[in-house]
Protein chains: 2
Amino acid sequence: MRKRTRDIQKALSESGYRITQSRLAVIEVIMRARHSLSPEEILARARKIEPSVGLATVYRTLDVLHAEGYLERVRIGNKGYTLACEEKSLHFHLICERCRTVIELQSNHSSDALLAQLRAAGFKSRKNAVEIVGLCAKCQSPE
Amino acid sequence: MRKRTRDIQKALSESGYRITQSRLAVIEVIMRARHSLSPEEILARARKIEPSVGLATVYRTLDVLHAEGYLERVRIGNKGYTLACEEKSLHFHLICERCRTVIELQSNHSSDALLAQLRAAGFKSRKNAVEIVGLCAKCQSPE
DNA sequence: CTTCTTATTGAGAATGATTCTCATTAAGCG
DNA sequence: CGCTTAATGAGAATCATTCTCAATAAGAAG
Ligand SMILES: [Mn+2]
Ligand SMILES: [Mn+2]
Ligand SMILES: [Zn+2]
Ligand SMILES: [Zn+2]
C-alpha cells in the first residue's frame, strides 16, 4: 500500500468512514493508475487485490472519494475518474481521448482574457476544472 | 414554418436527405426553442405538430442535424442540443444548468493565454466549443 | 478476545438514456 | 400513378449507473 493510500485511509477514517478491504483495494488501484480509469477497469484491478469486490462498491467508493475531494470526474465517452489536483481556482484540463492523459494547464494568469470575461458575465462555474477533450501531441501523429 | 427551418430543409434536401413530416416537426421545434432541449422535450413538442413522431426519429434527426453542423451537443446532466454557432475556432460556452441559457464567449483574442498554452502543448481539441457549466448571473441570486 | 451496533457489502434487479431491429410507410423521381 | 428505398415507429436491446435487501464485518465498548 502506497503512502498516499495511507493518507486517504487515515482521512476517511477520521471522517467517520469505515475502512473496508474493498474500499482499500479500490483506493489502491486508483493511486496506482497512470491515467483515468472507468469503473469496470477499476473493478477488474481491485479484484486482483480483493477478489470479492463488487461493482456497486466501486461506484460507492468513487462517490465517497469524490465527495471528500480526492477524485475529479472526467468524461471521455464514459465516466472516468482521476486524482484531484490541488488547484482550487478555475483552471483547465486537457484530456486526451486516446491515451487518457490529463494535462493540467497553469492558468494563474489573473489577467487571462477568458477568466476576465467569465467575471464580467457574472458566471459562476460549477466545477473548478474545465475539460477540453481532444488529442494530446503524442497521440496525433502515430496511427 | 420559420425561415431558418426552410433554409435547413433546403440544405438537407440538397444533401440527399428526404424531407419527412417528422423531420420537419423536429427541426421546427428546435428552431423555436429558447434554450437547449432534451430529446424527450423535443419529442413532446414535435408531436403537437406531427403526432406520429417517434423518439427514435428525434434521436436520428438530432444526429443528422449535428452531422450537418446545425446543432451542437450540450451536456447538462443529460444530453441536450442547441443551435450551432458560426464560430469555428476554439471558443467557450457558458452553460447555465438552471435556465439552460448558453452564453457565447468571444475569444478572438489570438493572444489569449489559454489558447497559447493549448498551442504550446500541441493539444488538438475535438470540439470547437468548450463547455463551462455553472450558473449565469441571473440564476445565482433568486432562490 | 467477545459482543454489539450498524455502516457497508455483493448480487442482482431496476432504471434511464440511447441505440438497434424490423416490418411498414412514404419521399422523391420518373 | 407506380417504383425504389430512405426513413419511420414501436418495442426490444444495450449500457452505465443506481437501487434493494439480506448478509457481513468494521469499529467501539466491555
Ligand atoms: Mn486540475
Ligand atoms: Mn459556439
Ligand atoms: Zn494522448
Ligand atoms: Zn441561468
# chains A, B, ... in the order shown; residues from 1 in each chain; ligands from 1
>>> interface_residues(of="chain C", to="chain B", cutoff="12 Å", atoms="only C-alpha atoms (C1' of nucleotides)", output="JSON, numbers by chain")
{"C": [16, 17, 18, 19, 20, 21, 25, 26, 27, 28]}
>>> residues_around(residues="B:Ala44", least_positions_apart="6", cutoff="12 Å", atoms="only C-alpha atoms (C1' of nucleotides)", output="number ranges by chain")
B: 25-26, 29-30, 37-38, 50-55, 58
>>> closest_residue(among="A:Glu131, A:Ser15, A:Arg2, A:Ala137", to="A:Ala67", atoms="only C-alpha atoms")
A:Ser15
>>> interface_residues(of="chain B", to="chain A", cutoff="7 Å", atoms="only C-alpha atoms", output="ChimeraX atom specification")
/B:112-113,121-126,130,132-137
>>> write_last_selection(atoms="N, CA, C and O atoms", output="PDB file, in the first residue's frame")
ATOM      1  N   ASP B 112      -4.715  35.273 -26.459  1.00  0.00           N
ATOM      2  CA  ASP B 112      -5.244  34.686 -25.233  1.00  0.00           C
ATOM      3  C   ASP B 112      -4.270  33.687 -24.628  1.00  0.00           C
ATOM      4  O   ASP B 112      -3.802  32.778 -25.290  1.00  0.00           O
ATOM      5  N   ALA B 113      -4.010  33.843 -23.366  1.00  0.00           N
ATOM      6  CA  ALA B 113      -3.032  32.994 -22.692  1.00  0.00           C
ATOM      7  C   ALA B 113      -3.424  31.519 -22.753  1.00  0.00           C
ATOM      8  O   ALA B 113      -2.586  30.650 -22.946  1.00  0.00           O
ATOM      9  N   ALA B 121       1.188  23.216 -25.994  1.00  0.00           N
ATOM     10  CA  ALA B 121       1.129  21.802 -25.609  1.00  0.00           C
ATOM     11  C   ALA B 121       0.912  20.906 -26.821  1.00  0.00           C
ATOM     12  O   ALA B 121       1.046  19.690 -26.736  1.00  0.00           O
ATOM     13  N   GLY B 122       0.587  21.525 -27.949  1.00  0.00           N
ATOM     14  CA  GLY B 122       0.341  20.734 -29.144  1.00  0.00           C
ATOM     15  C   GLY B 122      -0.952  19.941 -29.048  1.00  0.00           C
ATOM     16  O   GLY B 122      -1.149  18.942 -29.726  1.00  0.00           O
ATOM     17  N   PHE B 123      -1.833  20.410 -28.186  1.00  0.00           N
ATOM     18  CA  PHE B 123      -3.085  19.694 -27.973  1.00  0.00           C
ATOM     19  C   PHE B 123      -4.135  20.127 -28.983  1.00  0.00           C
ATOM     20  O   PHE B 123      -4.290  21.308 -29.270  1.00  0.00           O
ATOM     21  N   LYS B 124      -4.846  19.109 -29.536  1.00  0.00           N
ATOM     22  CA  LYS B 124      -5.877  19.405 -30.532  1.00  0.00           C
ATOM     23  C   LYS B 124      -7.244  19.080 -29.939  1.00  0.00           C
ATOM     24  O   LYS B 124      -7.570  17.921 -29.710  1.00  0.00           O
ATOM     25  N   SER B 125      -8.035  20.116 -29.711  1.00  0.00           N
ATOM     26  CA  SER B 125      -9.355  19.899 -29.133  1.00  0.00           C
ATOM     27  C   SER B 125     -10.295  19.247 -30.137  1.00  0.00           C
ATOM     28  O   SER B 125     -10.282  19.577 -31.322  1.00  0.00           O
ATOM     29  N   ARG B 126     -11.088  18.315 -29.684  1.00  0.00           N
ATOM     30  CA  ARG B 126     -12.017  17.634 -30.591  1.00  0.00           C
ATOM     31  C   ARG B 126     -13.194  18.531 -30.939  1.00  0.00           C
ATOM     32  O   ARG B 126     -13.735  18.471 -32.022  1.00  0.00           O
ATOM     33  N   VAL B 130     -15.895  24.741 -25.988  1.00  0.00           N
ATOM     34  CA  VAL B 130     -15.622  24.160 -24.673  1.00  0.00           C
ATOM     35  C   VAL B 130     -16.709  24.617 -23.711  1.00  0.00           C
ATOM     36  O   VAL B 130     -17.024  25.805 -23.661  1.00  0.00           O
ATOM     37  N   ILE B 132     -18.409  25.385 -20.186  1.00  0.00           N
ATOM     38  CA  ILE B 132     -18.191  25.691 -18.782  1.00  0.00           C
ATOM     39  C   ILE B 132     -19.570  25.737 -18.143  1.00  0.00           C
ATOM     40  O   ILE B 132     -20.358  26.639 -18.395  1.00  0.00           O
ATOM     41  N   VAL B 133     -19.870  24.722 -17.350  1.00  0.00           N
ATOM     42  CA  VAL B 133     -21.207  24.590 -16.768  1.00  0.00           C
ATOM     43  C   VAL B 133     -21.262  25.229 -15.386  1.00  0.00           C
ATOM     44  O   VAL B 133     -20.348  25.076 -14.589  1.00  0.00           O
ATOM     45  N   GLY B 134     -22.311  25.958 -15.148  1.00  0.00           N
ATOM     46  CA  GLY B 134     -22.447  26.604 -13.849  1.00  0.00           C
ATOM     47  C   GLY B 134     -23.749  27.363 -13.772  1.00  0.00           C
ATOM     48  O   GLY B 134     -24.759  26.894 -14.284  1.00  0.00           O
ATOM     49  N   LEU B 135     -23.725  28.524 -13.146  1.00  0.00           N
ATOM     50  CA  LEU B 135     -24.933  29.339 -13.025  1.00  0.00           C
ATOM     51  C   LEU B 135     -24.681  30.718 -13.623  1.00  0.00           C
ATOM     52  O   LEU B 135     -23.663  31.345 -13.341  1.00  0.00           O
ATOM     53  N   CYS B 136     -25.625  31.172 -14.430  1.00  0.00           N
ATOM     54  CA  CYS B 136     -25.497  32.501 -15.011  1.00  0.00           C
ATOM     55  C   CYS B 136     -25.789  33.531 -13.916  1.00  0.00           C
ATOM     56  O   CYS B 136     -26.290  33.180 -12.843  1.00  0.00           O
ATOM     57  N   ALA B 137     -25.485  34.769 -14.188  1.00  0.00           N
ATOM     58  CA  ALA B 137     -25.648  35.826 -13.189  1.00  0.00           C
ATOM     59  C   ALA B 137     -27.070  35.875 -12.667  1.00  0.00           C
ATOM     60  O   ALA B 137     -27.303  35.958 -11.459  1.00  0.00           O
TER      61      ALA B 137
END
>>> interface_residues(of="chain D", to="chain A", cutoff="10 Å", atoms="only C-alpha atoms (C1' of nucleotides)", output="tab-separated table (two decimals) with all heavy atoms, in the first residue's frame")
chain	number	residue	atom	x	y	z
D	16	DA	P	-20.93	0.17	-20.62
D	16	DA	OP1	-19.61	0.52	-21.15
D	16	DA	OP2	-21.15	-1.15	-20.01
D	16	DA	O5'	-21.35	1.28	-19.58
D	16	DA	C5'	-21.49	2.62	-20.03
D	16	DA	C4'	-22.25	3.41	-19.00
D	16	DA	O4'	-23.57	2.85	-18.84
D	16	DA	C3'	-21.60	3.41	-17.62
D	16	DA	O3'	-21.60	4.74	-17.12
D	16	DA	C2'	-22.49	2.48	-16.79
D	16	DA	C1'	-23.84	2.64	-17.47
D	16	DA	N9	-24.72	1.47	-17.39
D	16	DA	C8	-24.40	0.18	-17.66
D	16	DA	N7	-25.40	-0.66	-17.51
D	16	DA	C5	-26.46	0.15	-17.12
D	16	DA	C6	-27.80	-0.13	-16.81
D	16	DA	N6	-28.33	-1.36	-16.84
D	16	DA	N1	-28.60	0.91	-16.46
D	16	DA	C2	-28.06	2.14	-16.43
D	16	DA	N3	-26.81	2.53	-16.71
D	16	DA	C4	-26.05	1.47	-17.05
D	17	DT	P	-20.89	5.04	-15.72
D	17	DT	OP1	-20.41	6.43	-15.79
D	17	DT	OP2	-19.97	3.95	-15.40
D	17	DT	O5'	-22.11	5.01	-14.71
D	17	DT	C5'	-23.20	5.90	-14.92
D	17	DT	C4'	-24.34	5.56	-14.00
D	17	DT	O4'	-24.86	4.25	-14.32
D	17	DT	C3'	-23.97	5.52	-12.51
D	17	DT	O3'	-24.70	6.56	-11.86
D	17	DT	C2'	-24.38	4.12	-12.05
D	17	DT	C1'	-25.37	3.70	-13.14
D	17	DT	N1	-25.51	2.24	-13.37
D	17	DT	C2	-26.74	1.67	-13.23
D	17	DT	O2	-27.73	2.31	-12.90
D	17	DT	N3	-26.79	0.32	-13.47
D	17	DT	C4	-25.75	-0.51	-13.84
D	17	DT	O4	-25.93	-1.70	-14.03
D	17	DT	C5	-24.47	0.16	-13.97
D	17	DT	C7	-23.26	-0.63	-14.37
D	17	DT	C6	-24.41	1.48	-13.73
D	18	DT	P	-24.66	6.76	-10.32
D	18	DT	OP1	-24.86	8.19	-10.07
D	18	DT	OP2	-23.49	6.04	-9.79
D	18	DT	O5'	-25.97	5.98	-9.84
D	18	DT	C5'	-27.21	6.34	-10.42
D	18	DT	C4'	-28.31	5.50	-9.80
D	18	DT	O4'	-28.17	4.12	-10.22
D	18	DT	C3'	-28.31	5.49	-8.27
D	18	DT	O3'	-29.64	5.78	-7.87
D	18	DT	C2'	-27.88	4.08	-7.91
D	18	DT	C1'	-28.36	3.27	-9.11
D	18	DT	N1	-27.64	2.02	-9.44
D	18	DT	C2	-28.36	0.87	-9.58
D	18	DT	O2	-29.56	0.81	-9.42
D	18	DT	N3	-27.62	-0.24	-9.94
D	18	DT	C4	-26.27	-0.29	-10.15
D	18	DT	O4	-25.74	-1.35	-10.49
D	18	DT	C5	-25.56	0.95	-9.96
D	18	DT	C7	-24.09	0.99	-10.16
D	18	DT	C6	-26.27	2.03	-9.62
D	19	DC	P	-30.00	5.86	-6.31
D	19	DC	OP1	-30.97	6.96	-6.17
D	19	DC	OP2	-28.77	5.84	-5.50
D	19	DC	O5'	-30.77	4.49	-6.07
D	19	DC	C5'	-31.80	4.12	-6.97
D	19	DC	C4'	-32.33	2.73	-6.62
D	19	DC	O4'	-31.39	1.73	-7.04
D	19	DC	C3'	-32.56	2.52	-5.12
D	19	DC	O3'	-33.86	1.99	-4.97
D	19	DC	C2'	-31.48	1.54	-4.71
D	19	DC	C1'	-31.20	0.79	-6.00
D	19	DC	N1	-29.82	0.25	-6.17
D	19	DC	C2	-29.64	-1.10	-6.46
D	19	DC	O2	-30.64	-1.83	-6.52
D	19	DC	N3	-28.39	-1.57	-6.68
D	19	DC	C4	-27.35	-0.75	-6.61
D	19	DC	N4	-26.14	-1.26	-6.85
D	19	DC	C5	-27.51	0.64	-6.30
D	19	DC	C6	-28.75	1.10	-6.09
D	25	DA	P	-17.47	-11.15	6.17
D	25	DA	OP1	-16.59	-11.49	5.03
D	25	DA	OP2	-17.72	-12.11	7.25
D	25	DA	O5'	-16.92	-9.80	6.82
D	25	DA	C5'	-16.86	-8.63	6.01
D	25	DA	C4'	-16.72	-7.42	6.92
D	25	DA	O4'	-17.96	-7.22	7.64
D	25	DA	C3'	-15.66	-7.57	7.99
D	25	DA	O3'	-15.16	-6.27	8.26
D	25	DA	C2'	-16.45	-8.04	9.20
D	25	DA	C1'	-17.69	-7.18	9.02
D	25	DA	N9	-18.88	-7.62	9.72
D	25	DA	C8	-19.25	-8.89	10.03
D	25	DA	N7	-20.41	-8.96	10.64
D	25	DA	C5	-20.82	-7.64	10.74
D	25	DA	C6	-21.96	-7.03	11.29
D	25	DA	N6	-22.96	-7.72	11.85
D	25	DA	N1	-22.05	-5.68	11.21
D	25	DA	C2	-21.05	-5.01	10.64
D	25	DA	N3	-19.93	-5.47	10.08
D	25	DA	C4	-19.88	-6.80	10.16
D	26	DA	P	-13.62	-5.98	8.22
D	26	DA	OP1	-13.15	-6.08	6.83
D	26	DA	OP2	-13.02	-6.79	9.30
D	26	DA	O5'	-13.58	-4.46	8.67
D	26	DA	C5'	-14.30	-3.51	7.89
D	26	DA	C4'	-14.73	-2.33	8.77
D	26	DA	O4'	-15.89	-2.71	9.55
D	26	DA	C3'	-13.66	-1.89	9.77
D	26	DA	O3'	-13.72	-0.47	9.84
D	26	DA	C2'	-14.09	-2.54	11.07
D	26	DA	C1'	-15.61	-2.60	10.93
D	26	DA	N9	-16.28	-3.73	11.55
D	26	DA	C8	-15.90	-5.04	11.51
D	26	DA	N7	-16.75	-5.85	12.13
D	26	DA	C5	-17.75	-5.01	12.59
D	26	DA	C6	-18.94	-5.25	13.30
D	26	DA	N6	-19.34	-6.47	13.69
D	26	DA	N1	-19.72	-4.20	13.61
D	26	DA	C2	-19.33	-2.99	13.20
D	26	DA	N3	-18.24	-2.63	12.53
D	26	DA	C4	-17.49	-3.70	12.24
D	27	DG	P	-12.59	0.35	10.50
D	27	DG	OP1	-12.54	1.65	9.79
D	27	DG	OP2	-11.40	-0.49	10.60
D	27	DG	O5'	-13.15	0.63	11.96
D	27	DG	C5'	-14.35	1.36	12.07
D	27	DG	C4'	-14.89	1.27	13.48
D	27	DG	O4'	-15.44	-0.05	13.72
D	27	DG	C3'	-13.84	1.48	14.58
D	27	DG	O3'	-14.44	2.28	15.58
D	27	DG	C2'	-13.60	0.07	15.11
D	27	DG	C1'	-15.01	-0.48	14.99
D	27	DG	N9	-15.15	-1.93	15.04
D	27	DG	C8	-14.29	-2.89	14.60
D	27	DG	N7	-14.73	-4.12	14.78
D	27	DG	C5	-15.96	-3.94	15.40
D	27	DG	C6	-16.90	-4.91	15.85
D	27	DG	O6	-16.83	-6.14	15.78
D	27	DG	N1	-18.02	-4.31	16.41
D	27	DG	C2	-18.21	-2.95	16.52
D	27	DG	N2	-19.35	-2.56	17.09
D	27	DG	N3	-17.33	-2.04	16.11
D	27	DG	C4	-16.24	-2.60	15.56
>>> decode(residues="stretch 123-136 of chain B", atoms="N, CA, C and O atoms", output="PDB file, in the first residue's frame")
ATOM      1  N   PHE B 123      -1.833  20.410 -28.186  1.00  0.00           N
ATOM      2  CA  PHE B 123      -3.085  19.694 -27.973  1.00  0.00           C
ATOM      3  C   PHE B 123      -4.135  20.127 -28.983  1.00  0.00           C
ATOM      4  O   PHE B 123      -4.290  21.308 -29.270  1.00  0.00           O
ATOM      5  N   LYS B 124      -4.846  19.109 -29.536  1.00  0.00           N
ATOM      6  CA  LYS B 124      -5.877  19.405 -30.532  1.00  0.00           C
ATOM      7  C   LYS B 124      -7.244  19.080 -29.939  1.00  0.00           C
ATOM      8  O   LYS B 124      -7.570  17.921 -29.710  1.00  0.00           O
ATOM      9  N   SER B 125      -8.035  20.116 -29.711  1.00  0.00           N
ATOM     10  CA  SER B 125      -9.355  19.899 -29.133  1.00  0.00           C
ATOM     11  C   SER B 125     -10.295  19.247 -30.137  1.00  0.00           C
ATOM     12  O   SER B 125     -10.282  19.577 -31.322  1.00  0.00           O
ATOM     13  N   ARG B 126     -11.088  18.315 -29.684  1.00  0.00           N
ATOM     14  CA  ARG B 126     -12.017  17.634 -30.591  1.00  0.00           C
ATOM     15  C   ARG B 126     -13.194  18.531 -30.939  1.00  0.00           C
ATOM     16  O   ARG B 126     -13.735  18.471 -32.022  1.00  0.00           O
ATOM     17  N   LYS B 127     -13.588  19.352 -30.018  1.00  0.00           N
ATOM     18  CA  LYS B 127     -14.719  20.229 -30.283  1.00  0.00           C
ATOM     19  C   LYS B 127     -14.227  21.663 -30.378  1.00  0.00           C
ATOM     20  O   LYS B 127     -13.170  21.994 -29.869  1.00  0.00           O
ATOM     21  N   ASN B 128     -15.009  22.471 -31.066  1.00  0.00           N
ATOM     22  CA  ASN B 128     -14.585  23.860 -31.159  1.00  0.00           C
ATOM     23  C   ASN B 128     -15.245  24.706 -30.077  1.00  0.00           C
ATOM     24  O   ASN B 128     -14.958  25.875 -29.934  1.00  0.00           O
ATOM     25  N   ALA B 129     -16.143  24.057 -29.326  1.00  0.00           N
ATOM     26  CA  ALA B 129     -16.767  24.784 -28.221  1.00  0.00           C
ATOM     27  C   ALA B 129     -16.493  24.040 -26.914  1.00  0.00           C
ATOM     28  O   ALA B 129     -16.789  22.863 -26.790  1.00  0.00           O
ATOM     29  N   VAL B 130     -15.895  24.741 -25.988  1.00  0.00           N
ATOM     30  CA  VAL B 130     -15.622  24.160 -24.673  1.00  0.00           C
ATOM     31  C   VAL B 130     -16.709  24.617 -23.711  1.00  0.00           C
ATOM     32  O   VAL B 130     -17.024  25.805 -23.661  1.00  0.00           O
ATOM     33  N   GLU B 131     -17.283  23.673 -22.992  1.00  0.00           N
ATOM     34  CA  GLU B 131     -18.409  23.986 -22.135  1.00  0.00           C
ATOM     35  C   GLU B 131     -17.986  24.242 -20.692  1.00  0.00           C
ATOM     36  O   GLU B 131     -17.295  23.435 -20.088  1.00  0.00           O
ATOM     37  N   ILE B 132     -18.409  25.385 -20.186  1.00  0.00           N
ATOM     38  CA  ILE B 132     -18.191  25.691 -18.782  1.00  0.00           C
ATOM     39  C   ILE B 132     -19.570  25.737 -18.143  1.00  0.00           C
ATOM     40  O   ILE B 132     -20.358  26.639 -18.395  1.00  0.00           O
ATOM     41  N   VAL B 133     -19.870  24.722 -17.350  1.00  0.00           N
ATOM     42  CA  VAL B 133     -21.207  24.590 -16.768  1.00  0.00           C
ATOM     43  C   VAL B 133     -21.262  25.229 -15.386  1.00  0.00           C
ATOM     44  O   VAL B 133     -20.348  25.076 -14.589  1.00  0.00           O
ATOM     45  N   GLY B 134     -22.311  25.958 -15.148  1.00  0.00           N
ATOM     46  CA  GLY B 134     -22.447  26.604 -13.849  1.00  0.00           C
ATOM     47  C   GLY B 134     -23.749  27.363 -13.772  1.00  0.00           C
ATOM     48  O   GLY B 134     -24.759  26.894 -14.284  1.00  0.00           O
ATOM     49  N   LEU B 135     -23.725  28.524 -13.146  1.00  0.00           N
ATOM     50  CA  LEU B 135     -24.933  29.339 -13.025  1.00  0.00           C
ATOM     51  C   LEU B 135     -24.681  30.718 -13.623  1.00  0.00           C
ATOM     52  O   LEU B 135     -23.663  31.345 -13.341  1.00  0.00           O
ATOM     53  N   CYS B 136     -25.625  31.172 -14.430  1.00  0.00           N
ATOM     54  CA  CYS B 136     -25.497  32.501 -15.011  1.00  0.00           C
ATOM     55  C   CYS B 136     -25.789  33.531 -13.916  1.00  0.00           C
ATOM     56  O   CYS B 136     -26.290  33.180 -12.843  1.00  0.00           O
TER      57      CYS B 136
END
